[in-house]
Every structure is written in C-alpha cells, then in structure tokens.
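Data block for target-v6.cif (mmCIF, C-alpha atoms):
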```cif
data_protein
#
loop_
_atom_site.label_atom_id
_atom_site.label_comp_id
_atom_site.auth_asym_id
_atom_site.auth_seq_id
_atom_site.Cartn_x
_atom_site.Cartn_y
_atom_site.Cartn_z
CA MET A 1 46.15 -129.26 173.47
CA THR A 2 44.94 -128.09 176.86
CA ALA A 3 42.74 -125.20 177.92
CA THR A 4 45.72 -123.46 179.52
CA ASP A 5 47.11 -122.84 176.03
CA TYR A 6 44.49 -120.08 175.77
CA GLY A 7 45.67 -118.42 178.95
CA ARG A 8 45.37 -118.58 182.71
CA ALA A 9 42.04 -116.76 183.02
CA PHE A 10 40.37 -119.00 180.46
CA ALA A 11 41.69 -122.12 182.18
CA ALA A 12 40.22 -120.94 185.49
CA TRP A 13 36.87 -119.95 183.97
CA ARG A 14 36.64 -123.17 181.98
CA ALA A 15 37.23 -125.25 185.10
CA GLY A 16 34.70 -123.16 187.00
CA ALA A 17 32.01 -123.77 184.38
CA GLY A 18 32.20 -127.52 185.03
CA GLN A 19 29.57 -129.68 183.36
CA ASP A 20 28.12 -126.71 181.45
CA TRP A 21 31.39 -126.44 179.55
CA ARG A 22 31.33 -130.12 178.62
CA ASP A 23 27.69 -129.83 177.57
CA TYR A 24 28.70 -126.99 175.26
CA THR A 25 31.87 -128.37 173.70
CA ARG A 26 30.60 -131.95 173.42
CA HIS A 27 27.03 -131.13 172.37
CA ALA A 28 25.17 -133.47 170.01
CA PHE A 29 25.36 -130.74 167.35
CA VAL A 30 29.16 -130.73 167.63
CA GLU A 31 29.32 -134.52 167.49
CA GLY A 32 27.13 -134.38 164.38
CA LEU A 33 29.67 -132.08 162.76
CA ARG A 34 32.39 -134.55 163.68
CA ASP A 35 30.86 -137.67 162.18
CA GLY A 36 28.82 -136.03 159.44
CA THR A 37 25.45 -137.17 160.80
CA LEU A 38 24.16 -133.64 161.43
CA PRO A 39 21.16 -133.04 159.13
CA GLN A 40 21.93 -130.44 156.48
CA ALA A 41 18.77 -128.53 157.41
CA SER A 42 20.12 -128.11 160.95
CA TYR A 43 23.49 -127.00 159.64
CA LEU A 44 22.00 -124.38 157.34
CA HIS A 45 19.67 -123.16 160.07
CA TYR A 46 22.74 -122.79 162.30
CA LEU A 47 24.66 -120.86 159.63
CA ARG A 48 21.78 -118.44 159.14
CA GLN A 49 21.40 -117.84 162.86
CA ASP A 50 25.17 -117.60 163.30
CA TYR A 51 25.28 -114.90 160.64
CA VAL A 52 22.82 -112.85 162.71
CA PHE A 53 24.80 -113.70 165.83
CA LEU A 54 28.04 -112.44 164.28
CA ILE A 55 26.49 -109.04 163.57
CA HIS A 56 25.90 -108.56 167.29
CA PHE A 57 29.18 -110.23 168.17
CA ALA A 58 31.01 -107.69 166.03
CA ARG A 59 29.14 -104.92 167.84
CA SER A 60 30.26 -106.42 171.14
CA TRP A 61 33.89 -106.35 170.08
CA ALA A 62 33.44 -102.77 168.86
CA LEU A 63 32.12 -101.98 172.34
CA ALA A 64 35.24 -103.63 173.74
CA ALA A 65 37.34 -101.19 171.75
CA ALA A 66 35.39 -98.34 173.34
CA LYS A 67 35.87 -99.86 176.82
CA ALA A 68 39.60 -100.49 176.31
CA GLU A 69 42.16 -98.81 178.56
CA THR A 70 45.23 -99.27 176.38
CA LEU A 71 46.06 -98.93 172.71
CA ASP A 72 46.95 -102.63 172.56
CA GLU A 73 43.51 -103.57 173.88
CA MET A 74 41.87 -101.24 171.40
CA ALA A 75 43.94 -102.66 168.54
CA ALA A 76 43.08 -106.25 169.46
CA ALA A 77 39.37 -105.50 169.71
CA SER A 78 39.27 -103.58 166.44
CA ALA A 79 41.22 -106.33 164.66
CA THR A 80 38.63 -108.84 165.83
CA VAL A 81 35.82 -106.67 164.47
CA HIS A 82 37.63 -106.56 161.13
CA ALA A 83 38.06 -110.35 161.06
CA LEU A 84 34.40 -110.92 161.86
CA VAL A 85 33.08 -108.46 159.29
CA HIS A 86 35.55 -109.10 156.48
CA VAL A 87 36.41 -112.80 156.90
CA GLU A 88 33.95 -114.86 158.94
CA MET A 89 30.70 -113.25 157.81
CA PRO A 90 31.61 -113.37 154.08
CA LEU A 91 32.43 -117.07 154.59
CA HIS A 92 28.89 -117.59 155.87
CA VAL A 93 27.52 -115.76 152.83
CA GLU A 94 29.59 -117.95 150.50
CA THR A 95 28.64 -121.21 152.21
CA CYS A 96 24.94 -120.40 152.28
CA ALA A 97 25.00 -119.27 148.65
CA ALA A 98 26.39 -122.67 147.70
CA HIS A 99 23.26 -124.20 149.24
CA GLY A 100 20.82 -121.86 147.49
CA ILE A 101 20.51 -119.22 150.25
CA ASP A 102 21.47 -115.89 148.75
CA ARG A 103 22.67 -112.89 150.72
CA ALA A 104 19.26 -111.20 150.69
CA ALA A 105 17.64 -114.28 152.21
CA LEU A 106 20.47 -114.59 154.71
CA GLU A 107 20.11 -111.00 155.86
CA ALA A 108 16.34 -111.44 156.15
CA THR A 109 16.78 -114.27 158.65
CA ALA A 110 14.49 -113.85 161.66
CA GLU A 111 16.47 -113.93 164.88
CA ALA A 112 15.65 -116.99 167.01
CA SER A 113 14.89 -116.41 170.67
CA GLY A 114 17.98 -118.31 171.83
CA ASN A 115 20.11 -116.16 169.56
CA LEU A 116 18.54 -112.96 170.85
CA ALA A 117 18.98 -114.00 174.49
CA TYR A 118 22.66 -114.76 174.02
CA THR A 119 23.70 -111.75 171.99
CA ARG A 120 21.83 -109.25 174.13
CA TYR A 121 23.27 -110.76 177.29
CA VAL A 122 26.80 -110.22 176.01
CA LEU A 123 26.06 -106.67 174.91
CA GLU A 124 24.44 -105.87 178.24
CA ALA A 125 27.45 -107.25 180.10
CA GLY A 126 29.53 -104.70 178.21
CA TYR A 127 27.12 -101.79 178.47
CA SER A 128 26.56 -102.14 182.22
CA GLY A 129 30.06 -103.39 183.07
CA ASP A 130 33.62 -102.79 181.97
CA PHE A 131 36.14 -104.38 179.62
CA LEU A 132 36.61 -107.41 181.91
CA ASP A 133 32.88 -108.11 182.16
CA LEU A 134 32.68 -108.05 178.39
CA MET A 135 35.72 -110.31 177.93
CA ALA A 136 34.30 -112.89 180.35
CA ALA A 137 31.01 -112.92 178.41
CA LEU A 138 32.76 -113.09 175.02
CA ALA A 139 35.31 -115.77 175.93
CA PRO A 140 33.07 -118.87 175.72
CA CYS A 141 32.32 -118.25 172.06
CA VAL A 142 35.80 -117.32 170.84
CA LEU A 143 37.77 -119.81 172.90
CA GLY A 144 35.11 -122.50 173.01
CA TYR A 145 35.09 -122.68 169.22
CA GLY A 146 38.86 -123.02 169.36
CA GLU A 147 38.62 -125.99 171.71
CA ILE A 148 35.84 -127.52 169.61
CA GLY A 149 37.90 -127.02 166.47
CA LEU A 150 40.85 -128.84 168.02
CA ASN A 151 38.61 -131.70 169.09
CA LEU A 152 37.27 -131.97 165.53
CA GLN A 153 40.63 -131.88 163.77
CA GLY A 154 40.88 -134.53 161.09
CA SER A 155 37.12 -134.88 160.69
CA SER A 156 35.94 -135.81 157.22
CA GLY A 157 32.55 -135.71 155.58
CA PRO A 158 30.23 -132.84 154.68
CA TYR A 159 31.34 -130.54 157.54
CA ALA A 160 35.08 -131.04 157.20
CA ASP A 161 35.60 -127.45 156.03
CA TRP A 162 33.88 -126.03 159.12
CA CYS A 163 35.99 -128.25 161.36
CA ALA A 164 39.16 -127.26 159.52
CA VAL A 165 38.49 -123.52 159.94
CA TYR A 166 38.18 -123.62 163.73
CA GLY A 167 40.88 -126.24 164.21
CA GLY A 168 43.25 -124.47 161.81
CA GLN A 169 46.37 -122.49 162.63
CA GLU A 170 44.84 -119.08 161.92
CA TYR A 171 41.91 -119.51 164.31
CA GLN A 172 44.10 -121.16 166.93
CA ALA A 173 46.46 -118.20 166.78
CA LEU A 174 43.48 -115.89 167.31
CA CYS A 175 42.47 -117.89 170.40
CA ARG A 176 45.96 -117.61 171.87
CA ASP A 177 45.96 -113.87 171.18
CA VAL A 178 42.55 -113.40 172.81
CA GLY A 179 43.64 -115.49 175.79
CA ALA A 180 46.73 -113.32 176.21
CA LEU A 181 44.60 -110.19 175.85
CA ILE A 182 42.30 -111.38 178.64
CA ASP A 183 45.18 -112.33 180.94
CA GLY A 184 46.83 -108.95 180.44
CA ALA A 185 43.58 -107.06 180.96
CA VAL A 186 42.70 -108.93 184.16
CA GLU A 187 46.13 -108.56 185.74
CA ARG A 188 46.43 -104.92 184.71
CA ARG A 189 43.18 -104.03 186.42
CA LEU A 190 43.04 -106.50 189.33
CA GLY A 191 46.60 -107.69 189.90
CA PRO A 192 48.18 -111.16 189.75
CA ASP A 193 46.08 -112.51 192.63
CA TRP A 194 42.78 -111.50 191.04
CA GLN A 195 41.23 -114.94 191.54
CA SER A 196 41.10 -114.31 195.30
CA LEU A 197 39.10 -111.10 194.88
CA PRO A 198 35.28 -110.83 195.05
CA ARG A 199 35.33 -109.56 191.46
CA ALA A 200 36.43 -113.02 190.31
CA LYS A 201 32.97 -114.39 191.15
CA THR A 202 31.31 -111.80 188.92
CA LEU A 203 33.58 -112.62 186.00
CA GLN A 204 33.02 -116.36 186.48
CA ALA A 205 29.27 -115.74 186.53
CA HIS A 206 29.46 -113.96 183.16
CA PHE A 207 31.49 -116.82 181.70
CA ASP A 208 29.11 -119.43 183.13
CA THR A 209 26.00 -117.67 181.81
CA ALA A 210 27.47 -117.24 178.34
CA THR A 211 28.46 -120.92 178.34
CA ARG A 212 24.89 -121.97 179.16
CA LEU A 213 23.65 -119.68 176.40
CA GLU A 214 26.05 -121.41 174.01
CA VAL A 215 24.42 -124.71 174.94
CA GLY A 216 21.06 -123.11 174.21
CA PHE A 217 22.35 -121.90 170.85
CA TRP A 218 23.34 -125.45 169.87
CA ASP A 219 19.93 -126.70 171.06
CA MET A 220 18.24 -124.06 168.89
CA ALA A 221 20.46 -124.90 165.91
CA PHE A 222 19.93 -128.64 166.30
CA SER A 223 16.15 -128.28 166.27
CA PRO A 224 15.16 -125.72 163.58
CA ALA A 225 11.45 -126.35 164.02
CA SER A 226 11.55 -125.27 167.66
CA ALA A 227 13.52 -122.05 167.11
#
```
Encoded form using structure tokens:
Amino acid sequence: MTATDYGRAFAAWRAGAGQDWRDYTRHAFVEGLRDGTLPQASYLHYLRQDYVFLIHFARSWALAAAKAETLDEMAAASATVHALVHVEMPLHVETCAAHGIDRAALEATAEASGNLAYTRYVLEAGYSGDFLDLMAALAPCVLGYGEIGLNLQGSSGPYADWCAVYGGQEYQALCRDVGALIDGAVERRLGPDWQSLPRAKTLQAHFDTATRLEVGFWDMAFSPASA
C-alpha cells in the first residue's frame, strides 16, 4: 500500500518530510514492536505516555470541530473524538490493567517533556491557525500510525495485538477517511493548485515539525529512564 492511498495532501507532505518521515516510521521502537525485541518496560512506558497524549489529541480534534467550516468536517472531527475517548483510550486502560497498571495509576502518569512538547505544539497550531494548520499538525500521528500498522502486518510475538490494531481494516478505513477529509478541506479553502501557493510551505512546516516530534516521542518511549 502506498502513501497516496491516504490522499493527495498526505502524499505530498510525506514526500516533503523526507528522512524525518523514515526516521519516524522505521524507528527502533517500531522495529522492536515488529520483531518482539522491545523491552516490556519501554512498551508500558509508551502506553502510559500515549494515554496522556490521547487526552490532548482528543482535545485537538474537538478544536478541529470548532474550526470546521462544513457540517461534514464537523462530523468527521467529532467522530474522531468519540473514537479516541470511547475506543482507543479504553483499550489502553485494558492493556495496562493486564500488566498491573490500574486506571488510577494510569491517570496519575506524569507527562514526559517530549509528550508535552508534541501535544502543545499541535494544540497551538490549531489555536493560532485554522482548520488546515491543525490538520497538517495532526496528520503525522493519524496517518503515520496507519503506515506503520501496514508495515507491521503479520507480526507475531508479544506486540502482535498492537500491530493488528493499526494494520487492521477499521484503522485503515479511518486513515482513508481522514486523508479524504484533508484533501477536501485543502481544496475547498485553497483550490486544486494549492501546492503552488505560499500557504503550502506553512502547512508542510507544520507536518514536518509534528513528524520530528513523533520521532522524539519514540525516543522518549524507547528510553523510559530519560523521559
């Protein structure tokens, strides 16, 4: 599956991110998920930080609903908030509970600096910008996990369930929907030749920064002691 399956804007942004994108989607943490060599302590540290991340990520998508110009955009953003709050976050609670981390401990997790930097950057992109700025900052997480999930399809071992979630049909359908949402939003506001406009550089910069922050998130998750 190619990046263009998630839409034209994502394909352009992904190409523009260059080596940073490869560093993100092929990170040592990801490869550890693939072959099962990732230490469990690193995985659980990641899950705890990701739970905190998802709280702010849900807020970002709620902000997207407020920034939306059409009912379809609002519906897509609100549906994503619902999926995060009612599906993905409960899955984190369940997984951590199976490893002896109850919900109280999970919710008491101290936010790592790399986590804080990433989530606040995305929120600020939305607060100070518009719907497109927010989509460009959100895209690396949503669509990057889709690409990672596809790359990890068929993985066995202790992290097979994680790989199956992001490589599965439901998450892949979400990625295609988000890609279509972004394409429609960009062309509605900027026209079909938007990539030739000065605004394209701003959107690419948001995507690039968020991608580098994703790399930092994996670094943080891979090394719990340094978080």
Hits of the PyMOL selection byres ((chain A and resi 114-123) around 9) in this structure, as a VMD selection string | chain A and resid 49 to 50 52 to 54 56 to 57 59 to 60 63 111 to 113 124 to 128 133 to 134 137 to 138 206 209 to 210 213 to 214 216 to 217 219 to 220 227
Please provide as a PyMOL selection string all residues within 9 Å of A:Val93, with the sequence filter that same-chain residues fewer than 6 positions apart are discarded (counting only C-alpha atoms).
-> chain A and resi 47-48+51+101-103+106
List the residues selected by the PyMOL selection byres ((chain A and resi 10) around 9) in the file shown, writing them as a list of chain:residue names.
-> A:Ala3, A:Thr4, A:Asp5, A:Tyr6, A:Gly7, A:Arg8, A:Ala9, A:Ala11, A:Ala12, A:Trp13, A:Arg14, A:Ala15, A:Ala136, A:Ala139, A:Pro140, A:Leu143, A:Gly179, A:Ile182, A:Asp183
Answer key for the PyMOL selection byres ((chain A and resi 34) around 8), residues as a short mmCIF file (atom, residue, chain, number, x, y, z; two decimals) with C-alpha atoms, in the frame of the given file:
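File result07.cif, as written:
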```
data_model
loop_
_atom_site.label_atom_id
_atom_site.label_comp_id
_atom_site.auth_asym_id
_atom_site.auth_seq_id
_atom_site.Cartn_x
_atom_site.Cartn_y
_atom_site.Cartn_z
CA VAL A 30 29.16 -130.73 167.63
CA GLU A 31 29.32 -134.52 167.49
CA GLY A 32 27.13 -134.38 164.38
CA LEU A 33 29.67 -132.08 162.76
CA ASP A 35 30.86 -137.67 162.18
CA GLY A 36 28.82 -136.03 159.44
CA THR A 37 25.45 -137.17 160.80
CA LEU A 152 37.27 -131.97 165.53
CA SER A 155 37.12 -134.88 160.69
CA SER A 156 35.94 -135.81 157.22
CA TYR A 159 31.34 -130.54 157.54
CA ALA A 160 35.08 -131.04 157.20
CA CYS A 163 35.99 -128.25 161.36
#
```
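Among the candidates A:Gly146, A:Gly16, A:Pro90, A:Gly100, the residue lying nearest to A:Gln172 is A:Gly146 (atoms considered: all atoms listed in the file).
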Please report, as JSON, the centre and edge lengths in Å to one decimal of an axis-aligned box covering all listed atoms of stretch 146-150 of chain A with 6 Å per side.
```
{"center_x": 38.3, "center_y": -125.9, "center_z": 169.1, "size_x": 17.0, "size_y": 17.8, "size_z": 17.2}
```
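Our summary of the geometry notes that atom CA of A:Tyr43 is positioned 20.0 Å from atom CA of A:Gly168.
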Shortest interatomic distance to A:Ala97 - which of A:Ala173, A:Ala200, A:Ala28, A:Leu44, counting only C-alpha atoms = A:Leu44
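Going from atom CA of A:Phe207 over to atom CA of A:Ala77, you cover 18.3 Å.
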Quick one: pull the distance between atom CA of A:Val85 and atom CA of A:Ala221, Å, one decimal.
->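 So the answer is 21.8 Å.
Restricting the calculation to all atoms listed in the file, the smallest distance between A:Val178 and any of A:Asp23, A:Asp72, A:Asp193, A:Asp130 is found for A:Asp72.
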So which residues fall inside 7 Å of (28.2, -122.5, 183.5) if we count all atoms listed in the file? Mind giving them as a list in words?
->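 Those residues lying close to the given coordinates are Ala17, Gly18, Asp20, Trp21, Phe207, Asp208, Thr209, Thr211 and Arg212 of chain A.
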For C-alpha atoms, I'd like the residues from the last selection saved as a PDB file, in the coordinates of the input.
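Contents of part-v2.pdb, freshly written:
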```pdb
ATOM      1  CA  ALA A  17      32.010-123.770 184.380  1.00  0.00           C
ATOM      2  CA  GLY A  18      32.200-127.520 185.030  1.00  0.00           C
ATOM      3  CA  ASP A  20      28.120-126.710 181.450  1.00  0.00           C
ATOM      4  CA  TRP A  21      31.390-126.440 179.550  1.00  0.00           C
ATOM      5  CA  PHE A 207      31.490-116.820 181.700  1.00  0.00           C
ATOM      6  CA  ASP A 208      29.110-119.430 183.130  1.00  0.00           C
ATOM      7  CA  THR A 209      26.000-117.670 181.810  1.00  0.00           C
ATOM      8  CA  THR A 211      28.460-120.920 178.340  1.00  0.00           C
ATOM      9  CA  ARG A 212      24.890-121.970 179.160  1.00  0.00           C
TER      10      ARG A 212
END
```
So which one's closest to A:Glu170, A:Pro39, A:Pro158, A:Gly149, A:Pro198? Using all atoms listed in the file, please.
->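 So, comparing all the options, the nearest one is A:Gly149.
Among A:Thr109, A:Gln153, A:Thr95, A:Thr70, the residue with the shortest atom-to-atom distance to A:Arg189, counting all atoms listed in the file, is A:Thr70.
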